[in-house]
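So this block is start01.pdb, PDB, C-alpha atoms:
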ATOM      1  CA  MET A 292      74.637   0.909  23.613
ATOM      2  CA  GLU A 293      71.752   1.346  25.992
ATOM      3  CA  ILE A 294      68.713  -0.811  25.332
ATOM      4  CA  ASN A 295      65.315   0.640  26.304
ATOM      5  CA  ARG A 296      66.454   3.917  27.767
ATOM      6  CA  PRO A 297      63.219   5.208  29.331
ATOM      7  CA  ASP A 298      63.256   8.626  27.645
ATOM      8  CA  VAL A 299      63.833   7.091  24.201
ATOM      9  CA  VAL A 300      61.149   4.448  24.785
ATOM     10  CA  ALA A 301      58.725   7.261  25.686
ATOM     11  CA  GLU A 302      59.558   9.150  22.463
ATOM     12  CA  VAL A 303      59.107   6.101  20.244
ATOM     13  CA  THR A 304      55.935   5.092  22.062
ATOM     14  CA  ALA A 305      54.480   8.555  21.415
ATOM     15  CA  ALA A 306      55.410   8.335  17.720
ATOM     16  CA  PHE A 307      53.949   4.827  17.485
ATOM     17  CA  GLU A 308      50.697   5.922  19.150
ATOM     18  CA  ARG A 309      50.481   8.882  16.787
ATOM     19  CA  TYR A 310      50.885   6.481  13.864
ATOM     20  CA  GLU A 311      48.199   4.138  15.181
ATOM     21  CA  LYS A 312      45.723   7.007  15.673
ATOM     22  CA  ALA A 313      46.455   8.307  12.171
ATOM     23  CA  LEU A 314      46.049   4.832  10.688
ATOM     24  CA  THR A 315      42.682   4.106  12.256
ATOM     25  CA  SER A 316      41.340   7.594  11.476
ATOM     26  CA  ASN A 317      42.791   7.618   7.931
ATOM     27  CA  ASP A 318      44.880  10.740   8.570
ATOM     28  CA  VAL A 319      46.929  10.281   5.413
ATOM     29  CA  ALA A 320      49.003  13.435   5.961
ATOM     30  CA  VAL A 321      50.309  12.157   9.300
ATOM     31  CA  LEU A 322      50.899   8.667   7.900
ATOM     32  CA  ASP A 323      52.915  10.129   5.029
ATOM     33  CA  GLU A 324      54.883  12.297   7.460
ATOM     34  CA  LEU A 325      55.803   9.381   9.720
ATOM     35  CA  PHE A 326      57.374   7.328   6.938
ATOM     36  CA  TRP A 327      60.904   8.411   6.053
ATOM     37  CA  ASP A 328      60.796  10.397   2.822
ATOM     38  CA  SER A 329      63.272   8.250   0.923
ATOM     39  CA  PRO A 330      63.370   5.746  -1.932
ATOM     40  CA  GLN A 331      64.938   3.310   0.576
ATOM     41  CA  THR A 332      61.802   3.190   2.737
ATOM     42  CA  LEU A 333      59.732   0.043   2.349
ATOM     43  CA  ARG A 334      56.413  -1.320   3.500
ATOM     44  CA  TYR A 335      55.387  -4.925   3.055
ATOM     45  CA  GLY A 336      51.620  -5.055   3.482
ATOM     46  CA  ALA A 337      49.242  -7.961   3.774
ATOM     47  CA  GLY A 338      48.763  -7.858   0.007
ATOM     48  CA  GLU A 339      51.330  -5.448  -1.409
ATOM     49  CA  ASN A 340      55.052  -4.703  -1.452
ATOM     50  CA  LEU A 341      55.796  -0.990  -1.533
ATOM     51  CA  TYR A 342      59.265   0.366  -2.244
ATOM     52  CA  GLY A 343      59.976   4.023  -1.580
ATOM     53  CA  HIS A 344      58.093   6.831   0.114
ATOM     54  CA  ASP A 345      56.268   7.785  -3.098
ATOM     55  CA  ALA A 346      54.799   4.277  -3.497
ATOM     56  CA  ILE A 347      53.738   4.196   0.150
ATOM     57  CA  CYS A 348      52.042   7.604  -0.189
ATOM     58  CA  ALA A 349      50.256   6.544  -3.382
ATOM     59  CA  TYR A 350      48.965   3.411  -1.654
ATOM     60  CA  ARG A 351      47.643   5.437   1.298
ATOM     61  CA  ALA A 352      45.976   7.971  -1.025
ATOM     62  CA  GLY A 353      44.129   5.214  -2.901
ATOM     63  CA  ARG A 354      43.120   3.066   0.071
ATOM     64  CA  SER A 355      39.512   2.916   1.256
ATOM     65  CA  PRO A 356      38.954   4.826   4.500
ATOM     66  CA  THR A 357      36.404   2.278   5.772
ATOM     67  CA  GLY A 358      37.065  -0.647   8.089
ATOM     68  CA  LEU A 359      40.351   0.671   9.480
ATOM     69  CA  GLY A 360      39.499   0.210  13.163
ATOM     70  CA  ARG A 361      41.336  -2.472  15.072
ATOM     71  CA  ASP A 362      42.082  -3.521  18.610
ATOM     72  CA  VAL A 363      45.673  -3.489  19.795
ATOM     73  CA  VAL A 364      46.382  -6.826  21.483
ATOM     74  CA  ARG A 365      50.051  -6.378  22.356
ATOM     75  CA  VAL A 366      52.848  -3.908  21.629
ATOM     76  CA  VAL A 367      56.559  -4.468  22.162
ATOM     77  CA  ILE A 368      58.807  -1.442  21.659
ATOM     78  CA  THR A 369      62.562  -1.890  21.939
ATOM     79  CA  THR A 370      65.024   0.948  21.543
ATOM     80  CA  TYR A 371      68.676   0.581  20.605
ATOM     81  CA  GLY A 372      70.690   3.568  21.766
ATOM     82  CA  GLU A 373      69.196   6.997  21.116
ATOM     83  CA  ASN A 374      68.398   6.731  17.429
ATOM     84  CA  SER A 375      66.831   3.407  16.478
ATOM     85  CA  ALA A 376      63.943   1.258  17.611
ATOM     86  CA  THR A 377      61.536  -1.476  16.662
ATOM     87  CA  ALA A 378      57.821  -1.509  17.378
ATOM     88  CA  ASN A 379      55.963  -4.787  17.016
ATOM     89  CA  MET A 380      52.238  -5.155  17.487
ATOM     90  CA  GLU A 381      49.556  -7.824  17.425
ATOM     91  CA  PHE A 382      46.088  -6.609  16.460
ATOM     92  CA  ALA A 383      42.547  -7.885  16.017
ATOM     93  CA  ARG A 384      39.929  -6.572  13.639
ATOM     94  CA  PRO A 385      36.284  -7.682  13.773
ATOM     95  CA  GLY A 386      35.494 -10.138  10.991
ATOM     96  CA  SER A 387      39.136 -10.631  10.030
ATOM     97  CA  ARG A 388      42.058 -12.814  10.931
ATOM     98  CA  PRO A 389      44.460 -11.628  13.652
ATOM     99  CA  GLY A 390      47.352  -9.540  12.412
ATOM    100  CA  ARG A 391      50.899  -8.458  13.133
ATOM    101  CA  GLN A 392      52.695  -5.254  12.348
ATOM    102  CA  SER A 393      56.353  -4.382  12.711
ATOM    103  CA  HIS A 394      58.132  -1.076  12.265
ATOM    104  CA  THR A 395      61.758  -0.074  12.290
ATOM    105  CA  TRP A 396      62.017   3.523  13.525
ATOM    106  CA  VAL A 397      65.044   5.792  13.153
ATOM    107  CA  ARG A 398      65.526   9.261  14.613
ATOM    108  CA  MET A 399      66.003  11.574  11.642
ATOM    109  CA  PRO A 400      66.723  15.331  11.827
ATOM    110  CA  GLU A 401      62.951  15.915  11.438
ATOM    111  CA  GLY A 402      62.031  13.378  14.161
ATOM    112  CA  TRP A 403      61.247   9.672  14.493
ATOM    113  CA  ARG A 404      60.423   8.059  11.146
ATOM    114  CA  ILE A 405      59.492   4.562   9.982
ATOM    115  CA  VAL A 406      62.140   3.241   7.600
ATOM    116  CA  ALA A 407      60.665  -0.253   7.192
ATOM    117  CA  ALA A 408      57.260  -1.732   7.962
ATOM    118  CA  HIS A 409      55.599  -5.113   7.637
ATOM    119  CA  VAL A 410      51.977  -6.185   8.081
ATOM    120  CA  SER A 411      50.744  -9.755   7.941
ATOM    121  CA  LEU A 412      47.652 -11.725   8.852
ATOM    122  CA  MET A 413      47.660 -14.999  10.735
ATOM    123  CA  GLU A 414      45.438 -18.012  10.160
ATOM    124  CA  LYS A 415      44.099 -17.896  13.731
ATOM    125  CA  ALA A 416      44.865 -16.351  17.116
ATOM    126  CA  GLN A 417      47.759 -17.823  19.041
TER     127      GLN A 417
END

Target encoding structure tokens, full file:
Amino acid sequence: MEINRPDVVAEVTAAFERYEKALTSNDVAVLDELFWDSPQTLRYGAGENLYGHDAICAYRAGRSPTGLGRDVVRVVITTYGENSATANMEFARPGSRPGRQSHTWVRMPEGWRIVAAHVSLMEKAQ
């Protein structure tokens, strides 16, 4: 298995950047597209546990579109072969605690999709 093959890293990085742009601009259609459309998909948020694509979509549809901007502090993308990857990010948001986000990405027939995600806030910056 090749770790961090440059072409695969570039693909996952592009998908991750597309996700981040959609998140901060509240492009719900793109966010819904980038999560694997399956009951096995999960997202653990800072205040919610979401199981299945339908629950994730419902959360996005009901979320306030204000205050979504954030600064990316650090991103670590690691690919495992041609079809799986992790993307981990530290972020800062004005007036809030620092946060972390992790995604597991898998190449599906329709493209790269998030199969598991986690968001958490820290007490203070490290």

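Counting only C-alpha atoms, range 358-370 of chain A has the following residues at most 9 Å away, ignoring those fewer than 6 positions along the same chain: Glu293, Ile294, Asn295, Arg296, Val299, Val300, Val303, Thr304, Phe307, Leu314, Thr315, Ser316, Asn317, Ala376, Thr377, Ala378, Asn379, Met380, Glu381, Phe382, Ala383, Arg384, Pro385 and Trp396 of chain A.
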
Task: Picked residues, the PyMOL selection byres ((chain A and resi 388) around 10), expected as a ChimeraX atom specification - done: /A:382-387,389-390,411-416

Task: Shortest interatomic distance to Ser355 in chain A - which of A:Met292, A:Asp328, A:Asp318, A:Asn340, counting only C-alpha atoms - done: A:Asp318

Task: Nearest-residue call for Tyr310 in chain A, choices A:Ala337, A:Leu322, A:Ile405, A:Met399, using all atoms listed in the file - done: A:Leu322

- [ ] Have a look at CA of Ala349 in chain A and CA of Gln392 in chain A and let me know their distance in Å, one decimal.
- [x] 19.8 Å

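We find CA of Asp345 in chain A and CA of Thr332 in chain A to be spaced 9.3 Å apart.
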
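A straight line drawn from CA of Leu325 in chain A to CA of Asp298 in chain A is 19.4 Å long.
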
- [ ] Could you state which residues are captured by the PyMOL selection byres ((chain A and resi 346) around 12) in this file, as a PyMOL selection string?
- [x] chain A and resi 323+326+328-335+339-345+347-353

Write out, as a compact mmCIF listing (two decimals), in the frame of the given file, the residues just selected, with C-alpha atoms.
# COMPACT_ATOMS: atom_id res chain seq x y z
CA ASP A 323 52.92 10.13 5.03
CA PHE A 326 57.37 7.33 6.94
CA ASP A 328 60.80 10.40 2.82
CA SER A 329 63.27 8.25 0.92
CA PRO A 330 63.37 5.75 -1.93
CA GLN A 331 64.94 3.31 0.58
CA THR A 332 61.80 3.19 2.74
CA LEU A 333 59.73 0.04 2.35
CA ARG A 334 56.41 -1.32 3.50
CA TYR A 335 55.39 -4.92 3.06
CA GLU A 339 51.33 -5.45 -1.41
CA ASN A 340 55.05 -4.70 -1.45
CA LEU A 341 55.80 -0.99 -1.53
CA TYR A 342 59.26 0.37 -2.24
CA GLY A 343 59.98 4.02 -1.58
CA HIS A 344 58.09 6.83 0.11
CA ASP A 345 56.27 7.78 -3.10
CA ILE A 347 53.74 4.20 0.15
CA CYS A 348 52.04 7.60 -0.19
CA ALA A 349 50.26 6.54 -3.38
CA TYR A 350 48.96 3.41 -1.65
CA ARG A 351 47.64 5.44 1.30
CA ALA A 352 45.98 7.97 -1.02
CA GLY A 353 44.13 5.21 -2.90

- [ ] Go through A:Ala306, A:Trp327, A:Glu311, A:Ala301 and flag the residue nearest Arg404 in chain A, using only C-alpha atoms for the distances.
- [x] A:Trp327

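In this comparison, which uses all atoms listed in the file, the residue of A:Pro356, A:Val319, A:Gly336, A:Glu373 approaching Ala408 in chain A most closely is A:Gly336.
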
Centre and edge lengths of an axis-aligned box around all listed atoms of range 299-307 of chain A, with 3 Å added on each side, are to be given in Å to one decimal, as lines of an AutoDock Vina configuration file.
center_x = 58.9
center_y = 6.8
center_z = 21.6
size_x = 15.9
size_y = 10.7
size_z = 14.2

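Of the residues listed (A:Glu324, A:Arg398, A:Ser375, A:Val406), A:Glu324 shows the shortest atom-to-atom separation from Arg309 in chain A; distances use all atoms listed in the file.
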